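As provided, my_file18.csv (CSV, C-alpha atoms) reads as follows.
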chain,number,residue,atom,x,y,z
A,92,MET,CA,-20.6,48.3,44.4
A,93,SER,CA,-21.3,45.2,46.4
A,94,GLN,CA,-24.1,43.0,45.2
A,95,VAL,CA,-25.6,43.1,48.7
A,96,ASP,CA,-26.7,46.7,48.0
A,97,ARG,CA,-28.6,45.9,44.8
A,98,LEU,CA,-31.1,43.6,43.1
A,99,ARG,CA,-31.6,42.3,39.6
A,100,ILE,CA,-34.9,43.7,38.3
A,101,THR,CA,-36.8,42.6,35.2
A,102,GLU,CA,-39.2,45.5,35.2
A,103,ILE,CA,-40.8,48.2,37.3
A,104,PHE,CA,-44.2,49.3,36.1
A,105,TYR,CA,-47.5,50.9,37.1
A,106,SER,CA,-50.8,49.1,36.7
A,107,LEU,CA,-53.9,47.9,38.5
A,108,GLN,CA,-53.4,45.2,41.0
A,109,GLY,CA,-55.0,42.1,39.4
A,110,GLU,CA,-55.3,39.8,42.3
A,111,ALA,CA,-55.6,39.5,46.1
A,112,GLU,CA,-57.2,41.9,48.5
A,113,THR,CA,-56.1,45.1,46.8
A,114,MET,CA,-57.4,44.0,43.4
A,115,GLY,CA,-58.2,47.0,41.3
A,116,LEU,CA,-56.0,49.5,43.1
A,117,PRO,CA,-53.3,51.4,41.2
A,118,THR,CA,-50.0,49.7,42.2
A,119,VAL,CA,-46.3,49.9,41.4
A,120,PHE,CA,-44.9,46.4,40.5
A,121,ILE,CA,-41.3,45.6,41.1
A,122,ARG,CA,-40.6,42.3,39.2
A,123,LEU,CA,-37.4,40.7,40.4
A,124,THR,CA,-35.4,38.4,38.1
A,125,GLY,CA,-35.0,34.7,38.7
A,126,CYS,CA,-37.1,31.7,39.9
A,127,PRO,CA,-36.1,28.2,41.0
A,128,LEU,CA,-39.6,26.8,40.0
A,129,ARG,CA,-41.0,26.0,36.6
A,130,CYS,CA,-44.8,26.0,37.0
A,131,GLU,CA,-46.7,24.6,34.1
A,132,TYR,CA,-48.9,27.7,33.8
A,133,CYS,CA,-46.2,30.3,34.4
A,134,ASP,CA,-46.9,33.6,32.6
A,135,THR,CA,-43.7,35.4,33.6
A,136,SER,CA,-41.0,33.1,32.2
A,137,TYR,CA,-39.4,36.1,30.7
A,138,ALA,CA,-38.3,37.0,34.2
A,139,PHE,CA,-36.3,33.8,34.7
A,140,GLN,CA,-33.1,35.4,33.3
A,141,GLY,CA,-31.7,38.8,32.3
A,142,GLY,CA,-32.8,41.9,34.1
A,143,GLU,CA,-30.8,44.9,35.2
A,144,TRP,CA,-29.1,45.7,38.5
A,145,PHE,CA,-30.7,48.4,40.5
A,146,THR,CA,-29.6,49.9,43.9
A,147,TYR,CA,-32.2,50.4,46.6
A,148,ALA,CA,-32.0,54.1,46.0
A,149,GLU,CA,-32.6,53.7,42.3
A,150,ILE,CA,-35.6,51.5,43.0
A,151,LEU,CA,-37.1,54.0,45.4
A,152,GLN,CA,-36.6,56.8,42.9
A,153,LYS,CA,-38.3,54.9,40.1
A,154,VAL,CA,-41.2,53.9,42.4
A,155,SER,CA,-41.7,57.5,43.6
A,156,GLU,CA,-42.2,58.7,40.1
A,157,PHE,CA,-45.6,56.9,39.9
A,158,LYS,CA,-46.9,58.6,43.1
A,159,ALA,CA,-48.7,55.5,44.2
A,160,THR,CA,-49.5,54.2,47.7
A,161,TYR,CA,-49.3,50.5,46.9
A,162,VAL,CA,-46.2,48.6,45.9
A,163,CYS,CA,-46.1,44.9,45.0
A,164,VAL,CA,-42.8,43.0,44.9
A,165,THR,CA,-43.1,40.0,42.6
A,166,GLY,CA,-41.2,37.8,40.2
A,167,GLY,CA,-40.1,35.3,39.2
A,168,GLU,CA,-39.6,34.4,42.8
A,169,PRO,CA,-38.5,37.5,44.6
A,170,LEU,CA,-37.2,35.7,47.7
A,171,ALA,CA,-34.7,33.9,45.5
A,172,GLN,CA,-32.7,37.1,45.9
A,173,LYS,CA,-31.7,37.4,49.5
A,174,GLN,CA,-31.6,41.2,49.3
A,175,CYS,CA,-35.4,41.1,48.7
A,176,THR,CA,-36.2,41.2,52.4
A,177,SER,CA,-34.1,44.4,52.8
A,178,LEU,CA,-35.9,46.0,49.9
A,179,LEU,CA,-39.3,45.1,51.5
A,180,LYS,CA,-38.2,46.8,54.8
A,181,ILE,CA,-37.0,49.9,53.0
A,182,LEU,CA,-40.3,50.2,51.1
A,183,CYS,CA,-42.2,49.9,54.3
A,184,ASP,CA,-40.0,52.4,56.0
A,185,ASN,CA,-40.7,54.9,53.2
A,186,GLY,CA,-44.4,54.7,53.9
A,187,TYR,CA,-45.6,52.4,51.1
A,188,GLN,CA,-48.2,49.7,51.6
A,189,VAL,CA,-46.3,46.7,50.4
A,190,SER,CA,-47.3,43.2,49.3
A,191,LEU,CA,-45.1,40.3,48.3
A,192,GLU,CA,-46.1,37.7,45.8
A,193,THR,CA,-44.2,34.5,46.5
A,194,SER,CA,-44.3,30.9,45.4
A,195,GLY,CA,-44.5,29.3,48.8
A,196,ALA,CA,-41.3,27.4,48.2
A,197,MET,CA,-39.1,29.9,50.0
A,198,ASP,CA,-38.7,30.7,53.7
A,199,ILE,CA,-40.9,33.8,54.6
A,200,SER,CA,-39.8,34.0,58.3
A,201,THR,CA,-37.5,37.0,57.6
A,202,VAL,CA,-40.1,39.1,55.7
A,203,ASP,CA,-41.0,42.3,57.5
A,204,PRO,CA,-44.3,41.8,59.4
A,205,ARG,CA,-45.7,45.1,57.8
A,206,VAL,CA,-45.7,43.3,54.4
A,207,SER,CA,-48.8,41.5,53.2
A,208,VAL,CA,-47.5,38.2,52.0
A,209,VAL,CA,-49.5,36.7,49.1
A,210,MET,CA,-48.3,33.1,49.1
A,211,ASP,CA,-49.0,30.4,46.6
A,212,VAL,CA,-49.8,26.8,47.6
A,213,LYS,CA,-48.7,25.0,44.5
A,214,THR,CA,-51.3,22.5,43.2
A,215,PRO,CA,-50.5,19.3,41.4
A,216,GLY,CA,-51.4,20.9,38.1
A,217,SER,CA,-48.5,23.4,38.5
A,218,GLY,CA,-46.1,20.5,38.4
A,219,GLU,CA,-44.4,21.9,41.5
A,220,SER,CA,-46.6,20.8,44.4
A,221,THR,CA,-43.7,18.9,46.0
A,222,LYS,CA,-42.0,22.3,46.6
A,223,ASN,CA,-44.6,23.6,49.0
A,224,ARG,CA,-42.9,24.7,52.2
A,225,LEU,CA,-45.5,23.8,54.8
A,226,GLU,CA,-43.6,25.4,57.6
A,227,ASN,CA,-44.6,28.8,56.1
A,228,LEU,CA,-48.3,28.2,57.0
A,229,SER,CA,-47.6,28.7,60.7
A,230,ILE,CA,-45.8,32.0,60.0
A,231,LEU,CA,-48.7,33.7,58.1
A,232,ASP,CA,-50.9,36.1,60.0
A,233,GLY,CA,-54.0,38.2,59.5
A,234,ASN,CA,-52.1,40.5,57.1
A,235,ASP,CA,-51.3,37.7,54.7
A,236,GLN,CA,-53.1,35.7,52.1
A,237,LEU,CA,-52.9,32.2,50.5
A,238,LYS,CA,-53.5,31.6,46.8
A,239,PHE,CA,-54.3,28.4,45.0
A,240,VAL,CA,-54.1,28.5,41.2
A,241,ILE,CA,-56.6,25.8,40.0
A,242,CYS,CA,-55.9,24.1,36.7
A,243,SER,CA,-58.5,21.3,36.7
A,244,ARG,CA,-61.3,19.7,38.7
A,245,ASP,CA,-58.6,17.4,40.3
A,246,ASP,CA,-56.7,20.5,41.4
A,247,TYR,CA,-59.8,21.9,42.9
A,248,GLU,CA,-60.5,18.7,44.9
A,249,TRP,CA,-56.8,18.7,46.1
A,250,SER,CA,-57.0,22.3,47.1
A,251,ARG,CA,-60.3,21.9,48.9
A,252,HIS,CA,-58.9,19.0,50.9
A,253,PHE,CA,-55.7,20.9,51.7
A,254,VAL,CA,-57.7,23.9,53.0
A,255,GLN,CA,-59.8,21.7,55.2
A,256,GLN,CA,-57.0,19.6,56.4
A,257,HIS,CA,-55.0,22.6,57.5
A,258,GLN,CA,-58.1,24.5,58.7
A,259,LEU,CA,-57.4,27.5,56.4
A,260,GLU,CA,-60.9,28.4,55.3
A,261,GLY,CA,-61.7,32.1,55.2
A,262,SER,CA,-61.6,35.2,53.0
A,263,LYS,CA,-57.8,35.2,53.1
A,264,VAL,CA,-57.7,32.1,51.0
A,265,ILE,CA,-58.0,32.6,47.3
A,266,PHE,CA,-59.0,30.0,44.7
A,267,SER,CA,-58.0,31.4,41.2
A,268,PRO,CA,-58.7,29.7,37.9
A,269,SER,CA,-55.7,29.1,35.8
A,270,PHE,CA,-56.1,31.5,32.8
A,271,THR,CA,-57.5,29.6,29.8
A,272,GLN,CA,-57.3,26.2,31.6
A,273,ILE,CA,-60.6,26.1,33.4
A,274,SER,CA,-63.7,28.3,33.4
A,275,PRO,CA,-64.1,30.8,36.3
A,276,ARG,CA,-67.8,30.0,36.3
A,277,ASP,CA,-67.1,26.3,36.8
A,278,LEU,CA,-64.7,27.0,39.7
A,279,ALA,CA,-67.3,29.3,41.3
A,280,GLU,CA,-70.0,26.7,41.0
A,281,TRP,CA,-67.8,24.0,42.6
A,282,VAL,CA,-67.0,26.2,45.5
A,283,LEU,CA,-70.7,27.1,46.0
A,284,ALA,CA,-71.8,23.5,45.7
A,285,ASP,CA,-69.3,22.3,48.3
A,286,ARG,CA,-69.9,25.2,50.7
A,287,VAL,CA,-66.1,26.0,50.7
A,288,ASN,CA,-65.4,29.2,52.6
A,289,VAL,CA,-62.8,30.7,50.3
A,290,ARG,CA,-62.6,33.7,48.0
A,291,VAL,CA,-62.9,32.9,44.2
A,292,GLN,CA,-61.0,35.5,42.2
A,293,VAL,CA,-60.1,36.0,38.6
A,294,GLN,CA,-57.1,37.8,37.4
A,295,LEU,CA,-58.3,41.3,36.6
A,296,HIS,CA,-55.2,42.4,34.6
A,297,LYS,CA,-55.7,39.5,32.2
A,298,ILE,CA,-59.3,40.3,31.6
A,299,LEU,CA,-58.3,43.9,30.8
A,300,TRP,CA,-55.0,43.4,28.9
A,301,GLY,CA,-54.6,39.7,28.3
A,302,GLU,CA,-51.0,38.4,28.3
A,303,GLU,CA,-49.5,41.8,27.7
A,304,GLN,CA,-46.1,42.1,29.4
A,305,GLY,CA,-45.8,44.8,32.0
A,306,ARG,CA,-49.4,44.6,33.0
Is it possible to express this structure as structure tokens?
Amino acid sequence: MSQVDRLRITEIFYSLQGEAETMGLPTVFIRLTGCPLRCEYCDTSYAFQGGEWFTYAEILQKVSEFKATYVCVTGGEPLAQKQCTSLLKILCDNGYQVSLETSGAMDISTVDPRVSVVMDVKTPGSGESTKNRLENLSILDGNDQLKFVICSRDDYEWSRHFVQQHQLEGSKVIFSPSFTQISPRDLAEWVLADRVNVRVQVQLHKILWGEEQGR
């Protein structure tokens, strides 16, 4: 079988969505293998290598077993596998509400418009802020979201300036505290004190299950 008909998958699992607008909703997660970035706070380094090959049909069969409405394609960096965009389209065609979690370092122009793109803007604390693909900002629409993982007060100030510079304020912009690095309360108080119009959000899955893999 040609590799264009399959993807390398680290895991497919069922859990609650821990972030973004569908936080708290039962969701099937498809975690693709591989990532060109090495963020300091990465919690899925186990997905950098390994994995197993799945055809589109095998992925659809596995997803259908959970009888869920929502599907999240994540990584690693899912767009590092070119076939990811075909998978996203197939999932949408099969009636799922689909989100894509991406690093912001890859071109999103070929992603199906039915997909809700949750795109990171890498802060200096990630160690990968030079990889931000700013061209993606003009591609995002009302179905998409931007996420800033905040590692420090300096990261917060950088993110606040970035949001204002690019006129991004609104509920579609998420400031999320890096787990164990800064206090969610501190981040909330900084946002309130500066009257920044963004959504502050913690990672629900980590509150419930900590660093447990497959959650």
* Of the residues A:Ser274, A:Ser194, A:Ser207, A:Ser155, which is the one nearest to Lys180 of chain A, using all atoms listed in the file? -> A:Ser207
* Residues near Gly167 of chain A, cut-off 6 Å, all atoms listed in the file, skip fewer than 4 positions along chain, as a list in words ->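 Final neighbour list, sorted by chain and number: Thr124, Gly125, Cys126 and Ala138 of chain A.
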* Asked: Could you work out how far atom CA of Gly142 of chain A lies from atom CA of Tyr105 of chain A, giving the answer in Å with one decimal?
  ->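 These two atoms are separated by 17.5 Å.
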* Of the listed residues A:Ala279, A:Ile273, A:Leu151, A:Leu237, that which approaches Glu260 of chain A most closely, counting only C-alpha atoms ->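 Ranking A:Ala279, A:Ile273, A:Leu151, A:Leu237 by distance to Glu260 of chain A, first place goes to A:Leu237.
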* To do: Please provide as a list in words all residues within 8 Å of Gly216 of chain A, with the sequence filter that same-chain residues fewer than 5 positions apart are discarded (counting only C-alpha atoms).
  =>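 With the cut-off at 8 Å, the set is Glu131, Ile241, Cys242, Ser243 and Asp246 of chain A.
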* Measuring atom to atom with only C-alpha atoms, identify which of A:Val189, A:Val212, A:Val264, A:Cys175 is nearest to Thr118 of chain A. =>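 Residue with the minimum atom-to-atom distance to Thr118 of chain A: A:Val189.
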* Asked: What is the distance, in Å and to one decimal place, between atom CA of Glu226 of chain A and atom CA of Asn288 of chain A?
  ->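 Between atom CA of Glu226 of chain A and atom CA of Asn288 of chain A the gap is 22.7 Å.
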* Could you pull the residues within 9 Å of Ser262 of chain A, counting all atoms listed in the file, minus those fewer than 5 positions along the same chain, as a count of residues only? -> 4
